[in-house]
Every structure is written in structure tokens, then in C-alpha cells.
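Peer 1: File follows, start-v7.tsv with TSV, C-alpha atoms:
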chain	number	residue	atom	x	y	z
A	1199	MET	CA	-56.86	-1.11	21.46
A	1200	ASP	CA	-57.18	-1.49	17.70
A	1201	LEU	CA	-60.41	-3.15	16.62
A	1202	ALA	CA	-59.81	-2.91	12.87
A	1203	PHE	CA	-57.87	-5.98	11.80
A	1204	ILE	CA	-58.40	-9.37	10.20
A	1205	PRO	CA	-58.49	-12.06	12.90
A	1206	SER	CA	-56.79	-15.39	12.37
A	1207	PRO	CA	-58.55	-18.66	13.21
A	1208	SER	CA	-57.62	-20.24	16.51
A	1209	THR	CA	-57.13	-23.56	14.75
A	1210	GLY	CA	-56.69	-24.74	11.20
A	1211	VAL	CA	-58.60	-27.99	11.80
A	1212	ILE	CA	-62.33	-28.59	12.15
A	1213	GLU	CA	-63.23	-31.91	13.73
A	1214	LEU	CA	-66.15	-33.60	11.97
A	1215	GLY	CA	-66.54	-36.51	14.34
A	1216	PRO	CA	-63.56	-38.80	13.76
A	1217	ILE	CA	-62.63	-36.97	10.54
A	1218	PRO	CA	-60.36	-33.90	10.79
A	1219	LEU	CA	-61.14	-31.29	8.13
A	1220	ARG	CA	-58.02	-29.20	7.60
A	1221	GLY	CA	-58.56	-25.68	6.35
A	1222	TYR	CA	-55.48	-25.73	4.09
A	1223	ALA	CA	-56.55	-28.93	2.32
A	1224	PHE	CA	-60.17	-27.74	2.11
A	1225	CYS	CA	-59.13	-24.53	0.33
A	1226	ILE	CA	-57.06	-26.49	-2.19
A	1227	ILE	CA	-59.91	-28.92	-2.89
A	1228	ILE	CA	-62.39	-26.07	-3.42
A	1229	GLY	CA	-59.91	-24.41	-5.77
A	1230	VAL	CA	-59.46	-27.59	-7.84
A	1231	PHE	CA	-63.21	-28.06	-8.25
A	1232	LEU	CA	-63.63	-24.41	-9.21
A	1233	ALA	CA	-60.87	-24.63	-11.83
A	1234	VAL	CA	-62.29	-27.81	-13.37
A	1235	TRP	CA	-65.86	-26.50	-13.42
A	1236	PHE	CA	-64.96	-23.16	-15.01
A	1237	GLY	CA	-62.42	-24.74	-17.33
A	1238	ASN	CA	-65.06	-27.18	-18.57
A	1239	LYS	CA	-67.43	-24.32	-19.43
A	1240	ARG	CA	-64.69	-22.57	-21.43
A	1241	TRP	CA	-63.63	-25.80	-23.12
A	1242	VAL	CA	-67.16	-26.59	-24.29
A	1243	ALA	CA	-67.57	-22.98	-25.50
A	1244	ARG	CA	-64.44	-23.44	-27.64
A	1245	GLY	CA	-65.82	-26.59	-29.25
A	1246	GLY	CA	-64.65	-29.36	-26.93
A	1247	ARG	CA	-66.53	-32.18	-25.25
A	1248	SER	CA	-67.97	-31.77	-21.77
A	1249	GLY	CA	-65.94	-33.81	-19.28
A	1250	THR	CA	-62.63	-33.63	-21.14
A	1251	VAL	CA	-61.19	-31.06	-18.73
A	1252	ALA	CA	-62.01	-33.28	-15.74
A	1253	ASP	CA	-60.51	-36.34	-17.44
A	1254	ILE	CA	-57.22	-34.54	-18.03
A	1255	ALA	CA	-57.31	-32.97	-14.55
A	1256	VAL	CA	-57.14	-36.51	-13.16
A	1257	TRP	CA	-53.58	-36.54	-14.50
A	1258	ALA	CA	-52.68	-32.89	-13.95
A	1259	VAL	CA	-53.79	-32.46	-10.31
A	1260	PRO	CA	-51.74	-35.29	-8.72
A	1261	PHE	CA	-48.67	-34.29	-10.74
A	1262	GLY	CA	-49.23	-30.67	-9.70
A	1263	LEU	CA	-49.48	-31.52	-5.99
A	1264	VAL	CA	-46.28	-33.56	-6.14
A	1265	GLY	CA	-44.50	-30.82	-8.10
A	1266	GLY	CA	-45.65	-28.10	-5.74
A	1267	ARG	CA	-44.51	-30.03	-2.70
A	1268	LEU	CA	-41.15	-30.92	-4.28
A	1269	TYR	CA	-40.45	-27.27	-5.10
A	1270	HIS	CA	-41.25	-26.23	-1.53
A	1271	VAL	CA	-39.18	-28.96	0.06
A	1272	ILE	CA	-36.18	-28.34	-2.23
A	1273	THR	CA	-36.19	-24.56	-1.82
A	1274	ASP	CA	-36.83	-24.77	1.96
A	1275	TYR	CA	-34.90	-27.94	2.68
A	1276	GLN	CA	-33.62	-26.56	5.99
A	1277	LEU	CA	-37.14	-26.93	7.42
A	1278	TYR	CA	-36.97	-30.71	7.02
A	1279	PHE	CA	-33.37	-31.88	6.71
A	1280	SER	CA	-31.38	-29.63	9.03
A	1281	GLU	CA	-30.29	-30.67	12.50
A	1282	GLY	CA	-33.19	-31.15	14.88
A	1283	GLU	CA	-35.81	-31.38	12.12
A	1284	ASN	CA	-37.80	-34.48	11.19
A	1285	TRP	CA	-37.57	-35.35	7.50
A	1286	VAL	CA	-40.93	-37.15	7.70
A	1287	ASP	CA	-42.56	-33.71	7.94
A	1288	ALA	CA	-41.71	-33.21	4.28
A	1289	PHE	CA	-44.67	-35.48	3.47
A	1290	LYS	CA	-47.15	-33.59	5.66
A	1291	ILE	CA	-48.65	-31.52	2.89
A	1292	TRP	CA	-51.68	-30.62	5.02
A	1293	GLU	CA	-49.46	-28.47	7.23
A	1294	GLY	CA	-48.80	-26.12	4.30
A	1295	GLY	CA	-46.05	-25.74	1.77
A	1296	LEU	CA	-46.83	-25.86	-1.95
A	1297	GLY	CA	-44.75	-23.96	-4.49
A	1298	ILE	CA	-46.88	-22.74	-7.39
A	1299	TRP	CA	-43.89	-22.88	-9.71
A	1300	GLY	CA	-43.42	-26.60	-9.17
A	1301	ALA	CA	-47.16	-27.23	-9.22
A	1302	ILE	CA	-47.58	-25.60	-12.64
A	1303	ALA	CA	-44.43	-27.19	-14.10
A	1304	LEU	CA	-45.12	-30.78	-13.07
A	1305	GLY	CA	-48.88	-30.32	-13.44
A	1306	ALA	CA	-48.22	-29.42	-17.09
A	1307	VAL	CA	-46.45	-32.77	-17.50
A	1308	GLY	CA	-49.50	-34.59	-16.17
A	1309	ALA	CA	-51.78	-32.50	-18.42
A	1310	TRP	CA	-49.56	-33.32	-21.42
A	1311	ILE	CA	-49.98	-37.04	-20.72
A	1312	GLY	CA	-53.75	-36.66	-20.41
A	1313	CYS	CA	-53.96	-34.59	-23.60
A	1314	ARG	CA	-51.94	-37.13	-25.58
A	1315	ARG	CA	-54.28	-39.89	-24.43
A	1316	ARG	CA	-57.27	-37.85	-25.65
A	1317	GLY	CA	-55.57	-36.63	-28.83
A	1318	ILE	CA	-56.02	-32.92	-28.12
A	1319	PRO	CA	-53.47	-30.06	-28.13
A	1320	LEU	CA	-52.12	-29.12	-24.70
A	1321	PRO	CA	-51.97	-25.33	-25.46
A	1322	ALA	CA	-55.70	-25.22	-26.26
A	1323	TRP	CA	-56.55	-27.07	-23.06
A	1324	ALA	CA	-54.28	-24.77	-21.04
A	1325	ASP	CA	-55.95	-21.69	-22.57
A	1326	ALA	CA	-59.36	-22.94	-21.48
A	1327	LEU	CA	-58.15	-23.68	-17.96
A	1328	ALA	CA	-56.01	-20.54	-17.40
A	1329	PRO	CA	-58.53	-18.27	-15.61
A	1330	GLY	CA	-59.79	-21.23	-13.60
A	1331	ILE	CA	-56.26	-21.87	-12.32
A	1332	ALA	CA	-56.02	-18.25	-11.19
A	1333	LEU	CA	-59.32	-18.60	-9.33
A	1334	ALA	CA	-58.09	-21.84	-7.77
A	1335	GLN	CA	-55.01	-20.00	-6.49
A	1336	ALA	CA	-57.27	-17.29	-5.07
A	1337	CYS	CA	-59.04	-19.98	-3.03
A	1338	GLY	CA	-55.88	-21.86	-2.13
A	1339	ARG	CA	-54.21	-18.80	-0.62
A	1340	TRP	CA	-56.79	-18.79	2.17
A	1341	GLY	CA	-55.17	-21.99	3.37
A	1342	ASN	CA	-52.27	-19.79	4.53
A	1343	TRP	CA	-54.77	-17.82	6.62
A	1344	PHE	CA	-55.86	-21.03	8.39
A	1345	ASN	CA	-52.22	-21.92	9.07
A	1346	GLN	CA	-51.20	-18.34	10.05
A	1347	GLU	CA	-48.27	-18.35	7.64
A	1348	LEU	CA	-46.70	-16.38	4.78
A	1349	TYR	CA	-47.76	-12.97	6.08
A	1350	GLY	CA	-45.97	-9.71	5.40
A	1351	LYS	CA	-44.30	-6.99	7.41
A	1352	GLU	CA	-45.77	-5.50	10.55
A	1353	THR	CA	-48.41	-2.84	10.00
A	1354	ASP	CA	-51.19	-0.99	11.79
A	1355	LEU	CA	-53.41	-0.61	8.73
A	1356	PRO	CA	-57.13	-1.30	9.25
A	1357	TRP	CA	-56.88	-4.50	7.21
A	1358	ALA	CA	-53.84	-5.81	9.09
A	1359	LEU	CA	-53.76	-9.54	9.82
A	1360	GLU	CA	-53.65	-10.55	13.47
A	1361	ILE	CA	-51.17	-13.35	14.15
A	1362	SER	CA	-51.13	-15.21	17.45
A	1363	ASP	CA	-48.00	-16.38	19.21
A	1364	GLY	CA	-46.83	-19.81	18.10
A	1365	PRO	CA	-43.96	-21.86	16.63
A	1366	ASN	CA	-41.76	-19.73	14.36
A	1367	ARG	CA	-44.04	-16.69	14.68
A	1368	VAL	CA	-44.48	-13.69	16.96
A	1369	ALA	CA	-47.87	-12.26	17.89
A	1370	GLY	CA	-48.74	-8.97	16.20
A	1371	THR	CA	-50.51	-7.43	13.20
A	1372	TYR	CA	-48.97	-7.91	9.77
A	1373	HIS	CA	-49.70	-7.27	6.10
A	1374	PRO	CA	-52.14	-10.00	4.91
A	1375	THR	CA	-50.10	-11.02	1.87
A	1376	PHE	CA	-52.32	-14.06	1.44
A	1377	LEU	CA	-55.25	-11.67	0.89
A	1378	TYR	CA	-53.26	-9.47	-1.49
A	1379	GLU	CA	-52.35	-12.48	-3.62
A	1380	SER	CA	-55.91	-13.86	-3.51
A	1381	LEU	CA	-57.34	-10.57	-4.79
A	1382	TRP	CA	-54.56	-10.29	-7.38
A	1383	CYS	CA	-55.39	-13.78	-8.71
A	1384	ILE	CA	-59.05	-12.81	-9.10
A	1385	GLY	CA	-57.91	-9.78	-11.10
A	1386	VAL	CA	-55.68	-12.03	-13.24
A	1387	ALA	CA	-58.63	-14.32	-14.00
A	1388	LEU	CA	-60.77	-11.36	-15.08
A	1389	LEU	CA	-57.93	-10.00	-17.22
A	1390	VAL	CA	-57.46	-13.33	-19.04
A	1391	ILE	CA	-61.21	-13.68	-19.64
A	1392	TRP	CA	-61.43	-10.16	-21.06
A	1393	ALA	CA	-58.31	-10.46	-23.24
A	1394	ASP	CA	-59.36	-13.87	-24.54
A	1395	ARG	CA	-62.73	-12.50	-25.67
A	1396	ARG	CA	-61.26	-9.28	-27.04
A	1397	PHE	CA	-58.27	-10.70	-28.93
A	1398	LYS	CA	-59.29	-14.35	-29.48
A	1399	LEU	CA	-56.15	-15.71	-27.84
A	1400	GLY	CA	-55.08	-19.17	-28.92
A	1401	HIS	CA	-52.19	-21.64	-29.07
A	1402	GLY	CA	-51.37	-21.18	-25.37
A	1403	ARG	CA	-51.32	-17.38	-25.31
A	1404	ALA	CA	-54.18	-17.08	-22.81
A	1405	PHE	CA	-52.26	-19.35	-20.45
A	1406	ALA	CA	-49.07	-17.37	-21.03
A	1407	LEU	CA	-50.94	-14.15	-20.21
A	1408	TYR	CA	-52.11	-15.71	-16.95
A	1409	VAL	CA	-48.53	-16.69	-16.11
A	1410	ALA	CA	-47.15	-13.23	-16.91
A	1411	ALA	CA	-49.88	-11.39	-15.00
A	1412	TYR	CA	-49.53	-13.65	-11.97
A	1413	CYS	CA	-45.75	-13.23	-11.90
A	1414	ALA	CA	-46.12	-9.43	-12.03
A	1415	GLY	CA	-48.17	-9.52	-8.84
A	1416	ARG	CA	-46.23	-12.28	-7.13
A	1417	GLY	CA	-43.04	-10.25	-7.44
A	1418	TRP	CA	-44.15	-7.31	-5.29
A	1419	ILE	CA	-46.21	-9.47	-2.91
A	1420	GLU	CA	-43.24	-11.78	-2.34
A	1421	TYR	CA	-41.07	-8.75	-1.60
A	1422	MET	CA	-43.37	-7.87	1.34
A	1423	ARG	CA	-43.12	-11.26	3.06
A	1424	VAL	CA	-40.98	-11.76	6.17
A	1425	ASP	CA	-40.86	-15.55	6.41
A	1426	GLU	CA	-37.49	-17.22	6.04
A	1427	ALA	CA	-36.32	-17.64	2.43
A	1428	HIS	CA	-33.16	-18.00	0.36
A	1429	HIS	CA	-31.83	-14.76	-1.14
A	1430	ILE	CA	-29.82	-14.20	-4.32
A	1431	LEU	CA	-28.20	-10.78	-4.81
A	1432	GLY	CA	-30.43	-9.39	-2.08
A	1433	LEU	CA	-33.70	-10.65	-3.56
A	1434	ARG	CA	-35.78	-13.59	-2.39
A	1435	LEU	CA	-35.55	-16.71	-4.56
A	1436	ASN	CA	-39.24	-16.51	-5.50
A	1437	VAL	CA	-38.82	-12.92	-6.68
A	1438	TRP	CA	-36.13	-14.05	-9.10
A	1439	THR	CA	-38.33	-16.95	-10.21
A	1440	ALA	CA	-41.22	-14.57	-10.86
A	1441	LEU	CA	-39.02	-12.25	-12.92
A	1442	ILE	CA	-37.59	-15.05	-15.06
A	1443	VAL	CA	-40.94	-16.74	-15.66
A	1444	PHE	CA	-42.54	-13.37	-16.46
A	1445	VAL	CA	-39.97	-12.70	-19.20
A	1446	LEU	CA	-40.38	-16.20	-20.64
A	1447	ALA	CA	-44.18	-15.86	-20.74
A	1448	VAL	CA	-44.03	-12.48	-22.52
A	1449	VAL	CA	-41.51	-13.82	-25.07
A	1450	TYR	CA	-43.79	-16.79	-25.74
A	1451	ILE	CA	-46.79	-14.50	-26.33
A	1452	VAL	CA	-44.85	-12.41	-28.86
A	1453	ILE	CA	-43.29	-15.31	-30.77
A	1454	SER	CA	-46.47	-17.41	-30.75
A	1455	ALA	CA	-48.55	-14.52	-32.10
A	1456	LYS	CA	-46.18	-14.22	-35.06
A	1457	LEU	CA	-45.81	-17.92	-35.82
A	1458	ARG	CA	-49.41	-19.03	-35.18
A	1459	PRO	CA	-51.80	-16.09	-35.13
A	1460	GLY	CA	-55.47	-16.53	-34.34
A	1461	ARG	CA	-57.10	-19.33	-32.44
A	1462	GLU	CA	-57.46	-23.07	-33.05
A	1463	GLU	CA	-60.55	-23.88	-35.09
A	1464	ILE	CA	-60.72	-27.46	-33.80
A	1465	VAL	CA	-59.68	-28.16	-30.21
A	1466	GLU	CA	-61.02	-31.70	-29.87
A	1467	PRO	CA	-61.47	-34.04	-32.86
A	1468	GLY	CA	-64.93	-35.56	-33.02
A	1469	ALA	CA	-66.58	-32.98	-30.77
A	1470	ALA	CA	-68.17	-31.19	-33.75
A	1471	GLU	CA	-69.57	-34.47	-35.07
A	1472	ASP	CA	-71.01	-35.25	-31.64
A	1473	ALA	CA	-72.68	-31.85	-31.52
A	1474	GLU	CA	-74.04	-32.36	-35.04
A	1475	LYS	CA	-75.41	-35.78	-34.13
A	1476	ALA	CA	-76.98	-34.35	-31.00
A	1477	GLY	CA	-78.53	-31.60	-33.12
A	1478	ASP	CA	-79.85	-34.15	-35.62
A	1479	SER	CA	-81.28	-36.24	-32.81
A	1480	ALA	CA	-82.97	-33.21	-31.35
A	1481	LYS	CA	-84.30	-32.28	-34.80
A	1482	ASP	CA	-85.60	-35.81	-35.38
A	1483	GLY	CA	-87.20	-35.77	-31.97
A	1484	ALA	CA	-88.86	-32.45	-32.71
A	1485	GLU	CA	-90.10	-33.74	-36.07
A	1486	ASP	CA	-91.46	-36.93	-34.45
A	1487	ALA	CA	-93.19	-34.84	-31.82
A	1488	ALA	CA	-94.66	-32.60	-34.52
A	1489	VAL	CA	-95.92	-35.66	-36.45
A	1490	GLU	CA	-97.49	-37.11	-33.33
A	1491	THR	CA	-99.10	-33.78	-32.54
A	1492	ALA	CA	-100.45	-33.55	-36.10
A	1493	LYS	CA	-101.82	-37.10	-35.83
A	1494	ASP	CA	-103.49	-36.30	-32.53
A	1495	ALA	CA	-104.94	-33.13	-34.01
A	1496	SER	CA	-106.18	-35.05	-37.06
A	1497	VAL	CA	-107.84	-37.65	-34.85
A	1498	GLU	CA	-109.48	-34.93	-32.80
A	1499	LEU	CA	-110.69	-33.15	-35.94
A	1500	THR	CA	-112.04	-36.42	-37.37
A	1501	LYS	CA	-113.79	-37.15	-34.11
A	1502	ASP	CA	-115.23	-33.67	-33.99
A	1503	GLY	CA	-116.34	-34.03	-37.64
A	1504	ASP	CA	-118.05	-37.35	-36.90
A	1505	ASP	CA	-119.79	-35.83	-33.90
A	1506	ALA	CA	-120.93	-32.90	-36.02
A	1507	ALA	CA	-122.21	-35.24	-38.73
A	1508	ASP	CA	-124.10	-37.32	-36.19
A	1509	THR	CA	-125.61	-34.16	-34.78
A	1510	ALA	CA	-126.66	-33.00	-38.26
A	1511	ASP	CA	-128.22	-36.41	-39.04
A	1512	ALA	CA	-130.07	-36.33	-35.77
A	1513	ARG	CA	-131.31	-32.87	-36.51
A	1514	LYS	CA	-132.41	-33.90	-40.03
A	1515	LYS	CA	-134.19	-36.94	-38.66
A	1516	ALA	CA	-135.85	-34.87	-35.97
A	1517	GLY	CA	-136.89	-32.34	-38.62
A	1518	ALA	CA	-138.26	-35.08	-40.86
A	1519	ASP	CA	-140.18	-36.66	-38.02
A	1520	GLY	CA	-141.55	-33.25	-37.05
A	1521	THR	CA	-142.61	-32.53	-40.64
A	1522	ALA	CA	-144.29	-35.91	-40.98
A	1523	ALA	CA	-146.12	-35.45	-37.71
A	1524	SER	CA	-147.22	-31.97	-38.76
A	1525	THR	CA	-148.47	-33.33	-42.10
A	1526	ASP	CA	-150.50	-36.03	-40.35
A	1527	ASP	CA	-152.03	-33.47	-38.00
A	1528	ASP	CA	-153.03	-31.26	-40.94
A	1529	ALA	CA	-154.68	-34.23	-42.69
A	1530	ASP	CA	-156.65	-35.11	-39.58
A	1531	GLU	CA	-157.80	-31.53	-39.20
A	1532	ARG	CA	-158.96	-31.37	-42.86
A	1533	ALA	CA	-160.81	-34.67	-42.48
A	1534	ALA	CA	-162.55	-33.38	-39.36
A	1535	GLU	CA	-163.57	-30.19	-41.15
A	1536	LYS	CA	-165.06	-32.21	-44.05
A	1537	ASP	CA	-167.05	-34.31	-41.61
A	1538	ASP	CA	-168.35	-31.19	-39.89
A	1539	THR	CA	-169.35	-29.66	-43.25
A	1540	ALA	CA	-171.12	-32.81	-44.33
A	1541	LYS	CA	-173.08	-33.01	-41.11
A	1542	ALA	CA	-174.09	-29.38	-41.37
A	1543	ALA	CA	-175.34	-29.83	-44.93
A	1544	LYS	CA	-177.37	-32.88	-43.98
A	1545	ASN	CA	-179.06	-31.14	-41.08
A	1546	GLY	CA	-179.75	-28.09	-43.24
Go ahead and render the structure in this file as C-alpha cells.

Peer 2:
Amino acid sequence: MDLAFIPSPSTGVIELGPIPLRGYAFCIIIGVFLAVWFGNKRWVARGGRSGTVADIAVWAVPFGLVGGRLYHVITDYQLYFSEGENWVDAFKIWEGGLGIWGAIALGAVGAWIGCRRRGIPLPAWADALAPGIALAQACGRWGNWFNQELYGKETDLPWALEISDGPNRVAGTYHPTFLYESLWCIGVALLVIWADRRFKLGHGRAFALYVAAYCAGRGWIEYMRVDEAHHILGLRLNVWTALIVFVLAVVYIVISAKLRPGREEIVEPGAAEDAEKAGDSAKDGAEDAAVETAKDASVELTKDGDDAADTADARKKAGADGTAASTDDDADERAAEKDDTAKAAKNG
């Protein structure tokens, strides 16, 4: 009995009282939040306003979900529209089935709308978000693990994925292609981050690098899968898609670097002025605080000076009183001595 394998969950749903939490949807939601959070950090670092990435994501995410589902339903139409199938299942996105190609394509349309409304260039926004999208895909692929789907060929490797018997699947151990793609996406994110820092990628080239790197991995991972798919000239449809998109991304990088080298100096109009105003406000606040501190210190010094003066006056007064008292005592003593002398003379 082999003990070295990756177990699959017995169910893809966790019941939180009356609310069902589906693993596939949960992974997608976590991925979206991760992409927006990391994209916002990169956008601000490039000179944009905090919150802009989230505002545009409000447009991009719904468009992306619709595009991803449309691509899946169109390319796997037999799962929903063939004899014996229920076409209503095409709307059950929580059961799995999102095509990244459609998600990126239609998501870009939503992002373009959001960027136009904010008056910022779409390529710059896409560059900031690129590694975050790769990380989001790394999270999203674990949704396939919850659904026990999109695995590879049978294998007895120690990291094989255990699949239980169920609809459209046979129990056994298979290549965990979901894990391969998740790890590959993490590598793509790190590659884009490094290249962007090293070469100052701009005008959409960081995003194009993400696309090219992802396609390079998706091609060989897709080739390992055994789920039903359309084939063209012996290759799965998604392999052909990966090849074509890879070539287009590389061509864009080359042409863009020649036509518009370097990186955008301004990615969001008005953001620099906001930063300058914030800096001025902070400077004014620091100056006001310094003035208040100086005033407090001056008051304390004045108070201390007054106390010292009062102490000196008291000491002078005490000294004067002591001197006067001493003088009076000396006079009394001299008078007493004169009286004693006079008495002695009289008696003598």
C-alpha cells in the first residue's frame, strides 16, 4: 500500500450553518483579494493613488468571471448542450470551469473601462497587476483540487494525487497538474517582479512577460492532462491557444521596447500633487508641533527662571535679616561690656 500521495478532499463544500462554503469559489475569492492587495502596493510604488487598483478591479473582476465561464462553456459545449445534459449547468460556476484565456481577455475589457473612467493608461495598470494575477491563479488552481478535476496521467510518484471514484472519473493516483500549475504561477510572479526591477519594464511589457511565461508553462502542463478536450492536429485546443498567445506576447515585448522604451513617468494624473500636499501637510504639522514644543519649553524656562529669582530674593532677604540681627547682637554685647567697665571703675 502506497502511503506517499496527495489526498483529495472528500467534499468540496464546507457547511457553515445554512451557508455552504465551496472550496472552488473560496480559492478564487482569495486569489482576487491577493491580486488586488499586491497590485495596489505596486501601483502606489509606481506613483499611483492607493485604492485605484481596487476601483478598477470592480470592473475587471466581473468581466473576467463572465469571460472565463464563456470560454469554458464554448470550448466544452458538449458538457452542457449535448443530449442528456442540462444546459442550466452552464451557469453553475461554483462547480468549476473557468478558462483563463477568456478571463484575461474579457477582464481586460472591464479594466479598460475602469481605466478610462479614472483617466489612467491601461498598460501601466496591467504592469502593476501582472504578478498579482499570477499569484491569484496559483490560489485559484487549488479549486480544482477541491473538485477533483483537471488532473494528469496516472503515476506512482510520491507526490501523486489520489482521486476517488465519482462521475466522469476513475479512482487512482494521477499527476497533480493543478499543483504543477500553481507552483509554475508562483515562479511566473517572481520572474515578473525580478525583471520589472531589473529592466524597469513599462508600457505593458511586464504584463506581456507574465502572459508569455504563463503560456510556456501551461503548454506542457496542458499536455499532461487526461480530461476530455477538443484536439486540433493531435494537440489539445488549450495547447494551441498557449502557443499562439505566447508568440503574440513575445512580439509585443519586442515591438513595444523599440517604440516606447523605458517606463511611464506618470501613471496617474494628480497622484504626485496629492503626495506633495500630503508631504506639505506633514511638514506643516511637524513645524506646528515644533513651535508648540518651543513654546512649552519657553514657558518652562520662564517658570524655572521666576522660581530661581524668587529663591535668590528669599536668600538675599534671609541674608539681610541675618546680618541685621547679627549687627543688633553685636551692639548689645558692646553696650553690656561698657556697662561692666563703668561699674568696675566706679567700684575701684

Peer 1: Return as a tab-separated table the residues of segment 1293-1327 of chain A lying at most 6 Å from segment 1253-1270 of chain A, together with the closest atom-to-atom pair for each and the distance in Å to one decimal, counting all atoms listed in the file, with rows in chain order and ascending residue number.

Peer 2:
residue	atom	partner	partner_atom	distance
A:Gly1295	CA	A:His1270	CA	5.8
A:Leu1296	CA	A:Gly1266	CA	4.6
A:Gly1297	CA	A:Gly1266	CA	4.4
A:Ile1298	CA	A:Gly1266	CA	5.7
A:Gly1300	CA	A:Gly1266	CA	4.4
A:Ala1301	CA	A:Gly1266	CA	3.9
A:Leu1304	CA	A:Gly1265	CA	5.0
A:Gly1305	CA	A:Gly1262	CA	3.8
A:Gly1308	CA	A:Ala1258	CA	4.2
A:Ala1309	CA	A:Ala1258	CA	4.6
A:Gly1312	CA	A:Ile1254	CA	4.7

Peer 1: Find, counting only C-alpha atoms, the residue in A:Gly1330, A:Gly1221, A:Pro1467, A:Gly1370 that gets nearest to Arg1240 of chain A.

Peer 2: A:Gly1330

Peer 1: Using all atoms listed in the file - which residues lie no farther than 12 Å from the point (-69.9, -25.1, -25.5) in the file's frame? Write them as a list in words.

Peer 2: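 Result, sorted by chain then residue number: Phe1236, Gly1237, Asn1238, Lys1239, Arg1240, Trp1241, Val1242, Ala1243, Arg1244, Gly1245, Gly1246, Arg1247, Ser1248, Gly1249, Ala1326, Val1465, Glu1466, Ala1469, Ala1470, Asp1472 and Ala1473 of chain A.
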
Peer 1: List every residue of segment 1365-1406 of chain A that has an atom at most 10 Å from any atom of segment 1452-1461 of chain A, and for each one report the closest atom pair and its distance in Å to one decimal, counting only C-alpha atoms, with rows sorted by chain and then by increasing residue number, as JSON lines.

Peer 2:
{"residue": "A:Asp1394", "atom": "CA", "partner": "A:Arg1461", "partner_atom": "CA", "distance": 9.9}
{"residue": "A:Phe1397", "atom": "CA", "partner": "A:Gly1460", "partner_atom": "CA", "distance": 8.4}
{"residue": "A:Lys1398", "atom": "CA", "partner": "A:Arg1461", "partner_atom": "CA", "distance": 6.2}
{"residue": "A:Leu1399", "atom": "CA", "partner": "A:Arg1461", "partner_atom": "CA", "distance": 5.9}
{"residue": "A:Gly1400", "atom": "CA", "partner": "A:Arg1461", "partner_atom": "CA", "distance": 4.1}
{"residue": "A:His1401", "atom": "CA", "partner": "A:Arg1461", "partner_atom": "CA", "distance": 6.4}
{"residue": "A:Gly1402", "atom": "CA", "partner": "A:Ser1454", "partner_atom": "CA", "distance": 8.2}
{"residue": "A:Arg1403", "atom": "CA", "partner": "A:Ser1454", "partner_atom": "CA", "distance": 7.3}

Peer 1: Do you have the atom CA of Met1422 of chain A-atom CA of Tyr1349 of chain A distance handy?

Peer 2: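 Pair atom CA of Met1422 of chain A / atom CA of Tyr1349 of chain A returns 8.2 Å.
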
Peer 1: Just want the 12 Å neighbourhood of Val1386 of chain A, counted on only C-alpha atoms, with same-chain residues fewer than 2 positions away dropped. Output as a count of residues only.

Peer 2: 34

Peer 1: Can you tell me, as a ChimeraX atom specification, what residues are no more than 12 Å from Leu1219 of chain A when counting all atoms listed in the file, ignoring any on the same chain fewer than 6 positions away?

Peer 2: /A:1209-1213,1225,1227,1292,1344

Peer 1: Between atom CA of Glu1360 of chain A and atom CA of Pro1205 of chain A, what distance in Å does the model show, to one decimal?

Peer 2: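 Pair atom CA of Glu1360 of chain A / atom CA of Pro1205 of chain A returns 5.1 Å.
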
Peer 1: Enter the distance from atom CA of Ala1369 of chain A to atom CA of Phe1203 of chain A, in Å, rounded to one decimal.

Peer 2: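 Distance between the two atoms: 13.3 Å.
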
Peer 1: Distance cut-off 8 Å, centre (-47.3, -7.2, 12.4) in file coordinates, counting only C-alpha atoms: which residues qualify? Return them as a compact mmCIF listing (two decimals) with C-alpha atoms, in the frame of the given file.

Peer 2:
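Wrote point-v3.txt, looks like this:
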# COMPACT_ATOMS: atom_id res chain seq x y z
CA GLY A 1350 -45.97 -9.71 5.40
CA LYS A 1351 -44.30 -6.99 7.41
CA GLU A 1352 -45.77 -5.50 10.55
CA THR A 1353 -48.41 -2.84 10.00
CA ASP A 1354 -51.19 -0.99 11.79
CA ALA A 1358 -53.84 -5.81 9.09
CA LEU A 1359 -53.76 -9.54 9.82
CA GLU A 1360 -53.65 -10.55 13.47
CA ILE A 1361 -51.17 -13.35 14.15
CA ALA A 1369 -47.87 -12.26 17.89
CA GLY A 1370 -48.74 -8.97 16.20
CA THR A 1371 -50.51 -7.43 13.20
CA TYR A 1372 -48.97 -7.91 9.77
CA HIS A 1373 -49.70 -7.27 6.10

Peer 1: Check the smallest atom-to-atom distance from each of A:Ser1362, A:Asp1425, A:Leu1433, A:Val1445 to Asp1274 of chain A using all atoms listed in the file, then report the winner.

Peer 2: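 Of A:Ser1362, A:Asp1425, A:Leu1433, A:Val1445, the one nearest Asp1274 of chain A, counting all atoms listed in the file, is A:Asp1425.
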
Peer 1: Leaving out Tyr1275 of chain A and any residue of its chain fewer than 3 positions from it, which residues lie within 12 Å of it when counting all atoms listed in the file, given as a list in words?

Peer 2: Arg1267, Leu1268, Tyr1269, His1270, Val1271, Ile1272, Tyr1278, Phe1279, Ser1280, Glu1281, Glu1283, Asn1284, Trp1285, Asp1287, Ala1288, Gly1295, Glu1426, Ala1427 and His1428 of chain A
